[in-house]
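K.L.:
So here's data.cif (mmCIF, C-alpha atoms).
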```cif
data_entry
#
loop_
_atom_site.group_PDB
_atom_site.id
_atom_site.type_symbol
_atom_site.label_atom_id
_atom_site.label_comp_id
_atom_site.auth_asym_id
_atom_site.auth_seq_id
_atom_site.Cartn_x
_atom_site.Cartn_y
_atom_site.Cartn_z
ATOM 1 C CA MET A 148 19.550 9.154 -16.906
ATOM 2 C CA CYS A 149 17.988 6.849 -14.381
ATOM 3 C CA GLY A 150 14.695 5.200 -15.261
ATOM 4 C CA LEU A 151 13.045 6.371 -12.044
ATOM 5 C CA ARG A 152 13.983 9.998 -12.581
ATOM 6 C CA GLN A 153 12.700 9.929 -16.141
ATOM 7 C CA LEU A 154 9.458 8.471 -14.907
ATOM 8 C CA SER A 155 9.004 10.816 -11.956
ATOM 9 C CA ALA A 156 9.798 13.870 -14.072
ATOM 10 C CA ALA A 157 6.847 12.996 -16.305
ATOM 11 C CA VAL A 158 4.426 12.869 -13.404
ATOM 12 C CA LEU A 159 3.047 16.055 -11.859
ATOM 13 C CA ILE A 160 3.448 16.225 -8.064
ATOM 14 C CA LEU A 161 0.098 17.540 -6.903
ATOM 15 C CA SER A 162 -0.706 18.970 -4.203
ATOM 16 C CA ALA A 163 -4.949 12.403 11.191
ATOM 17 C CA GLU A 164 -6.813 11.834 13.242
ATOM 18 C CA PHE A 165 -8.079 8.275 13.791
ATOM 19 C CA ILE A 166 -11.452 7.777 12.056
ATOM 20 C CA PRO A 167 -13.402 4.737 13.231
ATOM 21 C CA SER A 168 -15.906 2.994 11.003
ATOM 22 C CA THR A 169 -19.506 4.120 11.034
ATOM 23 C CA ALA A 170 -20.640 0.546 10.425
ATOM 24 C CA LEU A 171 -20.605 -1.744 13.451
ATOM 25 C CA ALA A 172 -20.790 -5.507 13.561
ATOM 26 C CA GLY A 173 -23.293 -7.245 15.770
ATOM 27 C CA GLY A 174 -20.926 -7.527 18.726
ATOM 28 C CA GLY A 175 -20.251 -3.794 18.788
ATOM 29 C CA GLU A 176 -16.773 -4.121 17.299
ATOM 30 C CA PRO A 177 -15.977 -1.856 14.324
ATOM 31 C CA LYS A 178 -16.728 -3.605 11.047
ATOM 32 C CA THR A 179 -14.047 -1.511 9.328
ATOM 33 C CA LEU A 180 -10.863 -0.025 10.756
ATOM 34 C CA MET A 181 -9.411 2.651 8.486
ATOM 35 C CA VAL A 182 -5.616 2.600 8.515
ATOM 36 C CA ALA A 183 -4.973 5.256 5.851
ATOM 37 C CA ASP A 184 -7.458 7.149 3.686
ATOM 38 C CA PHE A 185 -4.846 9.848 2.821
ATOM 39 C CA ASN A 186 -7.620 12.449 2.743
ATOM 40 C CA SER A 187 -5.699 15.016 4.777
ATOM 41 C CA GLY A 188 -2.856 15.064 2.251
ATOM 42 C CA THR A 189 -0.385 14.897 5.144
ATOM 43 C CA LYS A 190 1.247 12.329 7.403
ATOM 44 C CA PRO A 191 0.649 10.431 9.688
ATOM 45 C CA ASN A 192 -1.926 7.801 8.743
ATOM 46 C CA ASN A 193 -5.294 7.445 10.503
ATOM 47 C CA LEU A 194 -3.673 5.401 13.277
ATOM 48 C CA GLY A 195 -0.981 8.007 13.900
ATOM 49 C CA GLY A 196 1.691 5.972 12.122
ATOM 50 C CA ASP A 197 4.337 7.271 9.756
ATOM 51 C CA PHE A 198 4.861 5.904 6.234
ATOM 52 C CA GLY A 199 7.272 6.278 3.353
ATOM 53 C CA SER A 200 9.031 4.601 0.436
ATOM 54 C CA TRP A 201 12.033 2.274 0.464
ATOM 55 C CA ILE A 202 14.314 0.418 -1.934
ATOM 56 C CA ARG A 203 16.795 -2.449 -1.605
ATOM 57 C CA ASP A 204 19.819 -0.518 -2.848
ATOM 58 C CA PRO A 205 19.547 3.299 -2.606
ATOM 59 C CA THR A 206 22.959 3.660 -4.263
ATOM 60 C CA ASP A 207 21.711 2.065 -7.496
ATOM 61 C CA PRO A 208 20.272 4.824 -9.766
ATOM 62 C CA MET A 209 18.185 2.290 -11.692
ATOM 63 C CA GLN A 210 16.025 1.302 -8.735
ATOM 64 C CA GLY A 211 13.895 3.434 -6.478
ATOM 65 C CA CYS A 212 10.456 4.348 -5.192
ATOM 66 C CA ILE A 213 8.877 7.746 -4.537
ATOM 67 C CA GLU A 214 5.580 8.335 -2.739
ATOM 68 C CA ALA A 215 3.405 11.452 -3.023
ATOM 69 C CA PHE A 216 -0.153 12.514 -2.282
ATOM 70 C CA ASP A 217 -2.320 12.902 -5.372
ATOM 71 C CA GLY A 218 -5.468 15.016 -5.348
ATOM 72 C CA THR A 219 -6.398 14.297 -8.975
ATOM 73 C CA ASP A 220 -6.054 10.527 -9.371
ATOM 74 C CA ARG A 221 -7.799 9.766 -6.079
ATOM 75 C CA PHE A 222 -10.710 7.455 -5.382
ATOM 76 C CA GLY A 223 -13.892 9.418 -4.736
ATOM 77 C CA PRO A 224 -14.890 13.063 -5.175
ATOM 78 C CA SER A 225 -12.498 14.613 -2.628
ATOM 79 C CA GLY A 226 -9.324 14.069 -0.644
ATOM 80 C CA TYR A 227 -6.170 12.354 -1.854
ATOM 81 C CA ALA A 228 -4.759 8.999 -2.887
ATOM 82 C CA LEU A 229 -1.130 7.941 -2.512
ATOM 83 C CA ARG A 230 0.918 7.731 -5.702
ATOM 84 C CA LEU A 231 3.839 5.285 -5.839
ATOM 85 C CA ILE A 232 6.380 5.815 -8.629
ATOM 86 C CA TYR A 233 8.695 2.814 -8.717
ATOM 87 C CA SER A 234 11.567 1.344 -10.704
ATOM 88 C CA VAL A 235 13.117 -2.097 -10.280
ATOM 89 C CA ASP A 236 14.594 -1.940 -13.782
ATOM 90 C CA SER A 237 18.162 -2.773 -12.785
ATOM 91 C CA GLU A 238 20.755 -5.393 -13.615
ATOM 92 C CA LYS A 239 21.213 -5.817 -9.851
ATOM 93 C CA PRO A 240 18.624 -7.479 -7.590
ATOM 94 C CA ALA A 241 15.951 -4.827 -7.063
ATOM 95 C CA PHE A 242 12.850 -4.528 -4.917
ATOM 96 C CA GLY A 243 11.184 -1.800 -2.894
ATOM 97 C CA GLY A 244 7.908 -0.030 -2.272
ATOM 98 C CA LEU A 245 5.959 1.454 0.647
ATOM 99 C CA TRP A 246 6.179 0.891 4.416
ATOM 100 C CA MET A 247 3.478 2.030 6.825
ATOM 101 C CA ARG A 248 3.471 1.828 10.629
ATOM 102 C CA LEU A 249 0.490 0.094 12.225
ATOM 103 C CA GLN A 250 1.272 1.094 15.828
ATOM 104 C CA ASN A 251 1.160 -2.455 17.272
ATOM 105 C CA LEU A 252 -2.406 -2.822 16.035
ATOM 106 C CA ASN A 253 -4.520 -5.745 17.228
ATOM 107 C CA ALA A 254 -6.182 -6.902 14.002
ATOM 108 C CA ALA A 255 -6.889 -10.449 15.190
ATOM 109 C CA HIS A 256 -10.660 -9.849 15.285
ATOM 110 C CA PHE A 257 -10.742 -8.684 11.643
ATOM 111 C CA ASP A 258 -11.127 -10.992 8.652
ATOM 112 C CA ASN A 259 -9.549 -9.087 5.766
ATOM 113 C CA LEU A 260 -6.857 -6.637 4.736
ATOM 114 C CA ALA A 261 -8.419 -4.313 2.158
ATOM 115 C CA PHE A 262 -7.383 -1.348 0.026
ATOM 116 C CA ARG A 263 -8.224 0.361 -3.238
ATOM 117 C CA ALA A 264 -5.618 0.309 -5.997
ATOM 118 C CA ARG A 265 -5.129 1.011 -9.673
ATOM 119 C CA GLY A 266 -2.286 1.391 -12.141
ATOM 120 C CA ASP A 267 -1.485 4.398 -14.310
ATOM 121 C CA GLY A 268 -2.450 3.481 -17.872
ATOM 122 C CA ARG A 269 -0.300 6.228 -19.378
ATOM 123 C CA MET A 270 2.880 5.664 -17.370
ATOM 124 C CA GLY A 271 2.578 1.869 -17.113
ATOM 125 C CA PHE A 272 2.393 -0.377 -14.065
ATOM 126 C CA THR A 273 2.880 -3.914 -12.824
ATOM 127 C CA SER A 274 -0.240 -6.046 -12.564
ATOM 128 C CA ILE A 275 1.429 -8.084 -9.786
ATOM 129 C CA PHE A 276 2.819 -6.817 -6.492
ATOM 130 C CA LYS A 277 3.265 -8.145 -2.978
ATOM 131 C CA VAL A 278 1.783 -6.922 0.306
ATOM 132 C CA GLU A 279 3.121 -7.880 3.715
ATOM 133 C CA LEU A 280 2.063 -7.560 7.331
ATOM 134 C CA LYS A 281 4.840 -7.519 9.927
ATOM 135 C CA ASP A 282 4.406 -7.969 13.653
ATOM 136 C CA ALA A 283 6.284 -6.566 16.641
ATOM 137 C CA MET A 284 8.774 -9.461 16.482
ATOM 138 C CA ASP A 285 9.513 -8.806 12.772
ATOM 139 C CA GLN A 286 7.705 -11.957 11.690
ATOM 140 C CA SER A 287 5.887 -11.411 8.413
ATOM 141 C CA SER A 288 3.042 -12.759 6.292
ATOM 142 C CA HIS A 289 2.584 -11.943 2.615
ATOM 143 C CA TYR A 290 0.189 -12.150 -0.306
ATOM 144 C CA TYR A 291 0.646 -11.505 -4.042
ATOM 145 C CA VAL A 292 -1.971 -9.203 -5.571
ATOM 146 C CA ARG A 293 -2.594 -10.173 -9.195
ATOM 147 C CA GLY A 294 -4.675 -8.663 -11.963
ATOM 148 C CA LEU A 295 -4.273 -4.969 -11.187
ATOM 149 C CA THR A 296 -5.736 -2.752 -13.950
ATOM 150 C CA ASP A 297 -5.883 0.966 -14.683
ATOM 151 C CA GLN A 298 -9.328 1.154 -13.043
ATOM 152 C CA TRP A 299 -9.894 1.425 -9.311
ATOM 153 C CA GLN A 300 -10.405 -1.960 -7.670
ATOM 154 C CA ASP A 301 -11.390 -2.644 -4.085
ATOM 155 C CA ILE A 302 -9.010 -5.458 -3.164
ATOM 156 C CA SER A 303 -9.936 -7.551 -0.122
ATOM 157 C CA ILE A 304 -7.475 -10.204 1.060
ATOM 158 C CA PRO A 305 -8.598 -12.712 3.711
ATOM 159 C CA LEU A 306 -6.031 -12.686 6.492
ATOM 160 C CA LYS A 307 -6.132 -16.490 6.480
ATOM 161 C CA ASP A 308 -4.783 -16.440 2.911
ATOM 162 C CA LEU A 309 -1.581 -14.614 3.826
ATOM 163 C CA GLN A 310 1.476 -16.877 3.860
ATOM 164 C CA GLY A 311 3.751 -16.576 6.866
ATOM 165 C CA THR A 312 3.931 -16.329 10.635
ATOM 166 C CA ALA A 313 2.922 -12.755 11.528
ATOM 167 C CA ASN A 314 0.957 -12.336 14.753
ATOM 168 C CA PHE A 315 -2.125 -10.367 13.657
ATOM 169 C CA GLY A 316 -2.750 -9.426 17.284
ATOM 170 C CA ARG A 317 0.265 -7.101 17.352
ATOM 171 C CA LEU A 318 0.965 -5.669 13.902
ATOM 172 C CA LYS A 319 3.837 -3.264 13.420
ATOM 173 C CA GLU A 320 3.840 -2.578 9.690
ATOM 174 C CA PHE A 321 2.008 -2.816 6.360
ATOM 175 C CA VAL A 322 4.336 -3.087 3.357
ATOM 176 C CA VAL A 323 3.866 -2.903 -0.417
ATOM 177 C CA VAL A 324 6.656 -4.577 -2.408
ATOM 178 C CA PHE A 325 7.554 -4.268 -6.112
ATOM 179 C CA GLU A 326 9.925 -7.094 -7.065
ATOM 180 C CA ASP A 327 12.116 -7.330 -10.144
ATOM 181 C CA THR A 328 11.408 -11.070 -10.275
ATOM 182 C CA THR A 329 7.594 -10.785 -10.329
ATOM 183 C CA ALA A 330 6.743 -7.315 -11.693
ATOM 184 C CA THR A 331 5.064 -7.383 -15.103
ATOM 185 C CA ALA A 332 6.453 -3.866 -15.699
ATOM 186 C CA LYS A 333 9.827 -3.023 -14.169
ATOM 187 C CA LYS A 334 8.884 0.639 -13.738
ATOM 188 C CA GLY A 335 5.589 2.450 -13.478
ATOM 189 C CA VAL A 336 3.036 4.126 -11.240
ATOM 190 C CA ILE A 337 0.282 2.752 -9.033
ATOM 191 C CA TYR A 338 -2.178 4.505 -6.743
ATOM 192 C CA LEU A 339 -3.392 3.365 -3.314
ATOM 193 C CA ASP A 340 -6.335 4.536 -1.224
ATOM 194 C CA ASP A 341 -8.421 3.466 1.782
ATOM 195 C CA VAL A 342 -6.054 0.952 3.383
ATOM 196 C CA ARG A 343 -8.122 -0.792 6.055
ATOM 197 C CA PHE A 344 -9.052 -3.952 7.938
ATOM 198 C CA THR A 345 -12.579 -5.324 7.595
ATOM 199 C CA ARG A 346 -14.855 -7.896 9.174
ATOM 200 C CA ASN A 347 -17.168 -10.129 7.163
ATOM 201 C CA ALA A 348 -20.910 -9.672 7.534
ATOM 202 C CA PRO A 349 -22.385 -12.006 10.173
#
```
Translate the structure of the given file into structure tokens.

P.N.:
Amino acid sequence: MCGLRQLSAAVLILSAEFIPSTALAGGGEPKTLMVADFNSGTKPNNLGGDFGSWIRDPTDPMQGCIEAFDGTDRFGPSGYALRLIYSVDSEKPAFGGLWMRLQNLNAAHFDNLAFRARGDGRMGFTSIFKVELKDAMDQSSHYYVRGLTDQWQDISIPLKDLQGTANFGRLKEFVVVFEDTTATAKKGVIYLDDVRFTRNAP
């Protein structure tokens, strides 16, 4: 029996318009641009972009990723978070995660990529995972998130700290990557909420 199926069977599957920030910076630009708050429990994201899970080798039963909306393990009193059940527990090279369309977003005037995340203490999780931003020319920049716990954290990554060549003025995709070479747990569950871009206070 594949590790991912065992894991997903143990997890209950529970059952957008664009929402600009209410906080504005001094120049009138939005201080926060919400990409995906998942509160509707349906696709697309707040920008109108699709999203889903992916894996390096779909023919390998020991690696995989499944995404689902979760109305219980969310951040805040209402709405949903996104649950990612993953396995990279394979003898073959394995990596995968979540892709999310950004609709050629111009994020050049923002300072940070931010999101809320936590691991599932009962099912296990990796404390390290990678996030990427890809532009319209398929150039990418990445950052390794470290120190994830089973409590909600608001993770804010300065765009200047991402490694790579992505053009932040024309972003195509946000990607979460679980890697067999860096994951501290080869299979597990993490939750994401409130994916957004933010500006620093003046």

K.L.:
Set the distance at 6 Å and use all atoms listed in the file: which residues neighbour segment 271-283 of chain A once local chain neighbours fewer than 5 positions away are removed? I'd like the list as a VMD selection string.

P.N.:
chain A and resid 266 288 to 295 313 to 314 317 to 325 330 to 332 335 to 336

K.L.:
Using C-alpha atoms, can you write the selected residues to a file as a compact mmCIF listing (two decimals), in the frame of the given file?

P.N.:
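Output contents, as saved in result-v1.txt:
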```txt
# COMPACT_ATOMS: atom_id res chain seq x y z
CA GLY A 266 -2.29 1.39 -12.14
CA SER A 288 3.04 -12.76 6.29
CA HIS A 289 2.58 -11.94 2.62
CA TYR A 290 0.19 -12.15 -0.31
CA TYR A 291 0.65 -11.50 -4.04
CA VAL A 292 -1.97 -9.20 -5.57
CA ARG A 293 -2.59 -10.17 -9.20
CA GLY A 294 -4.68 -8.66 -11.96
CA LEU A 295 -4.27 -4.97 -11.19
CA ALA A 313 2.92 -12.76 11.53
CA ASN A 314 0.96 -12.34 14.75
CA ARG A 317 0.26 -7.10 17.35
CA LEU A 318 0.96 -5.67 13.90
CA LYS A 319 3.84 -3.26 13.42
CA GLU A 320 3.84 -2.58 9.69
CA PHE A 321 2.01 -2.82 6.36
CA VAL A 322 4.34 -3.09 3.36
CA VAL A 323 3.87 -2.90 -0.42
CA VAL A 324 6.66 -4.58 -2.41
CA PHE A 325 7.55 -4.27 -6.11
CA ALA A 330 6.74 -7.32 -11.69
CA THR A 331 5.06 -7.38 -15.10
CA ALA A 332 6.45 -3.87 -15.70
CA GLY A 335 5.59 2.45 -13.48
CA VAL A 336 3.04 4.13 -11.24
```

K.L.:
Given the file above and the PyMOL selection byres ((chain A and resi 198-200) around 10), which residues are selected, and can you give them as a ChimeraX atom specification?

P.N.:
/A:183,190-192,195-197,201-202,211-215,231-233,243-249,320-324

K.L.:
Could you save those same residues with C-alpha atoms as an mmCIF file, in the frame of the given file?

P.N.:
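The result, written out as again-v1.cif:
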```cif
data_model
loop_
_atom_site.group_PDB
_atom_site.id
_atom_site.type_symbol
_atom_site.label_atom_id
_atom_site.label_comp_id
_atom_site.auth_asym_id
_atom_site.auth_seq_id
_atom_site.Cartn_x
_atom_site.Cartn_y
_atom_site.Cartn_z
ATOM 1 C CA ALA A 183 -4.973 5.256 5.851
ATOM 2 C CA LYS A 190 1.247 12.329 7.403
ATOM 3 C CA PRO A 191 0.649 10.431 9.688
ATOM 4 C CA ASN A 192 -1.926 7.801 8.743
ATOM 5 C CA GLY A 195 -0.981 8.007 13.900
ATOM 6 C CA GLY A 196 1.691 5.972 12.122
ATOM 7 C CA ASP A 197 4.337 7.271 9.756
ATOM 8 C CA TRP A 201 12.033 2.274 0.464
ATOM 9 C CA ILE A 202 14.314 0.418 -1.934
ATOM 10 C CA GLY A 211 13.895 3.434 -6.478
ATOM 11 C CA CYS A 212 10.456 4.348 -5.192
ATOM 12 C CA ILE A 213 8.877 7.746 -4.537
ATOM 13 C CA GLU A 214 5.580 8.335 -2.739
ATOM 14 C CA ALA A 215 3.405 11.452 -3.023
ATOM 15 C CA LEU A 231 3.839 5.285 -5.839
ATOM 16 C CA ILE A 232 6.380 5.815 -8.629
ATOM 17 C CA TYR A 233 8.695 2.814 -8.717
ATOM 18 C CA GLY A 243 11.184 -1.800 -2.894
ATOM 19 C CA GLY A 244 7.908 -0.030 -2.272
ATOM 20 C CA LEU A 245 5.959 1.454 0.647
ATOM 21 C CA TRP A 246 6.179 0.891 4.416
ATOM 22 C CA MET A 247 3.478 2.030 6.825
ATOM 23 C CA ARG A 248 3.471 1.828 10.629
ATOM 24 C CA LEU A 249 0.490 0.094 12.225
ATOM 25 C CA GLU A 320 3.840 -2.578 9.690
ATOM 26 C CA PHE A 321 2.008 -2.816 6.360
ATOM 27 C CA VAL A 322 4.336 -3.087 3.357
ATOM 28 C CA VAL A 323 3.866 -2.903 -0.417
ATOM 29 C CA VAL A 324 6.656 -4.577 -2.408
#
```

K.L.:
Just so the selection is clear, what residues does the PyMOL selection byres ((chain A and resi 186) around 12) cover here, as a PyMOL selection string?

P.N.:
chain A and resi 162-166+181-185+187-193+216-219+221-229+339-342

K.L.:
Any idea what's packed within 10 Å of Thr328 of chain A, counting only C-alpha atoms, ignoring anything in its chain fewer than 5 positions away? Could you give it as a ChimeraX atom specification?

P.N.:
/A:235,240-242,333

K.L.:
What is the distance, in Å and to one decimal place, between atom CA of Ala261 of chain A and atom CA of Arg203 of chain A?

P.N.:
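Atom CA of Arg203 of chain A lies 25.6 Å from atom CA of Ala261 of chain A.
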
K.L.:
Using all atoms listed in the file for the distances, tell me which of A:Gln286, A:Thr296, A:Thr179, A:Ser303 is nearest to Asp267 of chain A.

P.N.:
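Under the stated criterion, the closest residue is A:Thr296.
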
K.L.:
Can you work out the spacing between atom CA of Met270 of chain A and atom CA of Phe344 of chain A in Å, to one decimal?

P.N.:
29.6 Å

K.L.:
For segment 266-300 of chain A, supply N, CA and C atoms and format the output as a PDB file, in the frame of the given file.

P.N.:
```pdb
ATOM      1  N   GLY A 266      -3.514   0.999 -11.465  1.00  0.00           N
ATOM      2  CA  GLY A 266      -2.286   1.391 -12.141  1.00  0.00           C
ATOM      3  C   GLY A 266      -2.508   2.604 -13.018  1.00  0.00           C
ATOM      4  N   ASP A 267      -1.436   3.240 -13.422  1.00  0.00           N
ATOM      5  CA  ASP A 267      -1.485   4.398 -14.310  1.00  0.00           C
ATOM      6  C   ASP A 267      -1.354   3.904 -15.751  1.00  0.00           C
ATOM      7  N   GLY A 268      -2.443   3.995 -16.509  1.00  0.00           N
ATOM      8  CA  GLY A 268      -2.450   3.481 -17.872  1.00  0.00           C
ATOM      9  C   GLY A 268      -1.501   4.208 -18.799  1.00  0.00           C
ATOM     10  N   ARG A 269      -1.193   5.456 -18.510  1.00  0.00           N
ATOM     11  CA  ARG A 269      -0.300   6.228 -19.378  1.00  0.00           C
ATOM     12  C   ARG A 269       1.165   5.952 -19.063  1.00  0.00           C
ATOM     13  N   MET A 270       1.492   5.847 -17.774  1.00  0.00           N
ATOM     14  CA  MET A 270       2.880   5.664 -17.370  1.00  0.00           C
ATOM     15  C   MET A 270       3.286   4.197 -17.280  1.00  0.00           C
ATOM     16  N   GLY A 271       2.290   3.286 -17.247  1.00  0.00           N
ATOM     17  CA  GLY A 271       2.578   1.869 -17.113  1.00  0.00           C
ATOM     18  C   GLY A 271       2.587   1.433 -15.659  1.00  0.00           C
ATOM     19  N   PHE A 272       2.456   0.142 -15.433  1.00  0.00           N
ATOM     20  CA  PHE A 272       2.393  -0.377 -14.065  1.00  0.00           C
ATOM     21  C   PHE A 272       2.496  -1.892 -14.104  1.00  0.00           C
ATOM     22  N   THR A 273       2.887  -2.473 -12.979  1.00  0.00           N
ATOM     23  CA  THR A 273       2.880  -3.914 -12.824  1.00  0.00           C
ATOM     24  C   THR A 273       1.492  -4.379 -12.402  1.00  0.00           C
ATOM     25  N   SER A 274       1.049  -5.484 -12.966  1.00  0.00           N
ATOM     26  CA  SER A 274      -0.240  -6.046 -12.564  1.00  0.00           C
ATOM     27  C   SER A 274      -0.095  -6.971 -11.358  1.00  0.00           C
ATOM     28  N   ILE A 275       1.155  -7.215 -10.933  1.00  0.00           N
ATOM     29  CA  ILE A 275       1.429  -8.084  -9.786  1.00  0.00           C
ATOM     30  C   ILE A 275       2.332  -7.339  -8.802  1.00  0.00           C
ATOM     31  N   PHE A 276       1.945  -7.332  -7.539  1.00  0.00           N
ATOM     32  CA  PHE A 276       2.819  -6.817  -6.492  1.00  0.00           C
ATOM     33  C   PHE A 276       2.505  -7.548  -5.194  1.00  0.00           C
ATOM     34  N   LYS A 277       3.402  -7.424  -4.244  1.00  0.00           N
ATOM     35  CA  LYS A 277       3.265  -8.145  -2.978  1.00  0.00           C
ATOM     36  C   LYS A 277       2.882  -7.187  -1.857  1.00  0.00           C
ATOM     37  N   VAL A 278       2.042  -7.652  -0.932  1.00  0.00           N
ATOM     38  CA  VAL A 278       1.783  -6.922   0.306  1.00  0.00           C
ATOM     39  C   VAL A 278       2.201  -7.808   1.472  1.00  0.00           C
ATOM     40  N   GLU A 279       2.667  -7.172   2.528  1.00  0.00           N
ATOM     41  CA  GLU A 279       3.121  -7.880   3.715  1.00  0.00           C
ATOM     42  C   GLU A 279       2.546  -7.235   4.964  1.00  0.00           C
ATOM     43  N   LEU A 280       2.345  -8.041   5.988  1.00  0.00           N
ATOM     44  CA  LEU A 280       2.063  -7.560   7.331  1.00  0.00           C
ATOM     45  C   LEU A 280       3.177  -8.063   8.229  1.00  0.00           C
ATOM     46  N   LYS A 281       3.759  -7.156   9.013  1.00  0.00           N
ATOM     47  CA  LYS A 281       4.840  -7.519   9.927  1.00  0.00           C
ATOM     48  C   LYS A 281       4.401  -7.251  11.361  1.00  0.00           C
ATOM     49  N   ASP A 282       4.793  -8.146  12.261  1.00  0.00           N
ATOM     50  CA  ASP A 282       4.406  -7.969  13.653  1.00  0.00           C
ATOM     51  C   ASP A 282       5.554  -7.381  14.472  1.00  0.00           C
ATOM     52  N   ALA A 283       5.316  -7.217  15.769  1.00  0.00           N
ATOM     53  CA  ALA A 283       6.284  -6.566  16.641  1.00  0.00           C
ATOM     54  C   ALA A 283       7.590  -7.342  16.761  1.00  0.00           C
ATOM     55  N   MET A 284       7.568  -8.626  16.432  1.00  0.00           N
ATOM     56  CA  MET A 284       8.774  -9.461  16.482  1.00  0.00           C
ATOM     57  C   MET A 284       9.430  -9.600  15.107  1.00  0.00           C
ATOM     58  N   ASP A 285       8.999  -8.791  14.144  1.00  0.00           N
ATOM     59  CA  ASP A 285       9.513  -8.806  12.772  1.00  0.00           C
ATOM     60  C   ASP A 285       9.210 -10.097  12.024  1.00  0.00           C
ATOM     61  N   GLN A 286       8.222 -10.854  12.493  1.00  0.00           N
ATOM     62  CA  GLN A 286       7.705 -11.957  11.690  1.00  0.00           C
ATOM     63  C   GLN A 286       6.742 -11.370  10.650  1.00  0.00           C
ATOM     64  N   SER A 287       6.685 -11.987   9.493  1.00  0.00           N
ATOM     65  CA  SER A 287       5.887 -11.411   8.413  1.00  0.00           C
ATOM     66  C   SER A 287       5.003 -12.453   7.739  1.00  0.00           C
ATOM     67  N   SER A 288       3.914 -11.968   7.163  1.00  0.00           N
ATOM     68  CA  SER A 288       3.042 -12.759   6.292  1.00  0.00           C
ATOM     69  C   SER A 288       2.810 -11.956   5.026  1.00  0.00           C
ATOM     70  N   HIS A 289       2.676 -12.654   3.886  1.00  0.00           N
ATOM     71  CA  HIS A 289       2.584 -11.943   2.615  1.00  0.00           C
ATOM     72  C   HIS A 289       1.504 -12.530   1.713  1.00  0.00           C
ATOM     73  N   TYR A 290       1.178 -11.735   0.693  1.00  0.00           N
ATOM     74  CA  TYR A 290       0.189 -12.150  -0.306  1.00  0.00           C
ATOM     75  C   TYR A 290       0.527 -11.422  -1.603  1.00  0.00           C
ATOM     76  N   TYR A 291       0.419 -12.120  -2.737  1.00  0.00           N
ATOM     77  CA  TYR A 291       0.646 -11.505  -4.042  1.00  0.00           C
ATOM     78  C   TYR A 291      -0.683 -11.063  -4.648  1.00  0.00           C
ATOM     79  N   VAL A 292      -0.810  -9.765  -4.868  1.00  0.00           N
ATOM     80  CA  VAL A 292      -1.971  -9.203  -5.571  1.00  0.00           C
ATOM     81  C   VAL A 292      -1.733  -9.382  -7.064  1.00  0.00           C
ATOM     82  N   ARG A 293      -2.720  -9.933  -7.760  1.00  0.00           N
ATOM     83  CA  ARG A 293      -2.594 -10.173  -9.195  1.00  0.00           C
ATOM     84  C   ARG A 293      -3.793  -9.574  -9.928  1.00  0.00           C
ATOM     85  N   GLY A 294      -3.577  -9.159 -11.146  1.00  0.00           N
ATOM     86  CA  GLY A 294      -4.675  -8.663 -11.963  1.00  0.00           C
ATOM     87  C   GLY A 294      -4.997  -7.197 -11.786  1.00  0.00           C
ATOM     88  N   LEU A 295      -4.039  -6.400 -11.290  1.00  0.00           N
ATOM     89  CA  LEU A 295      -4.273  -4.969 -11.187  1.00  0.00           C
ATOM     90  C   LEU A 295      -4.507  -4.376 -12.578  1.00  0.00           C
ATOM     91  N   THR A 296      -5.440  -3.428 -12.686  1.00  0.00           N
ATOM     92  CA  THR A 296      -5.736  -2.752 -13.950  1.00  0.00           C
ATOM     93  C   THR A 296      -5.591  -1.247 -13.765  1.00  0.00           C
ATOM     94  N   ASP A 297      -5.936  -0.489 -14.803  1.00  0.00           N
ATOM     95  CA  ASP A 297      -5.883   0.966 -14.683  1.00  0.00           C
ATOM     96  C   ASP A 297      -7.183   1.558 -14.152  1.00  0.00           C
ATOM     97  N   GLN A 298      -8.093   0.708 -13.681  1.00  0.00           N
ATOM     98  CA  GLN A 298      -9.328   1.154 -13.043  1.00  0.00           C
ATOM     99  C   GLN A 298      -9.266   0.832 -11.551  1.00  0.00           C
ATOM    100  N   TRP A 299      -9.888   1.674 -10.748  1.00  0.00           N
ATOM    101  CA  TRP A 299      -9.894   1.425  -9.311  1.00  0.00           C
ATOM    102  C   TRP A 299     -10.539   0.086  -8.992  1.00  0.00           C
ATOM    103  N   GLN A 300      -9.872  -0.700  -8.180  1.00  0.00           N
ATOM    104  CA  GLN A 300     -10.405  -1.960  -7.670  1.00  0.00           C
ATOM    105  C   GLN A 300     -10.380  -1.908  -6.147  1.00  0.00           C
TER     106      GLN A 300
END
```
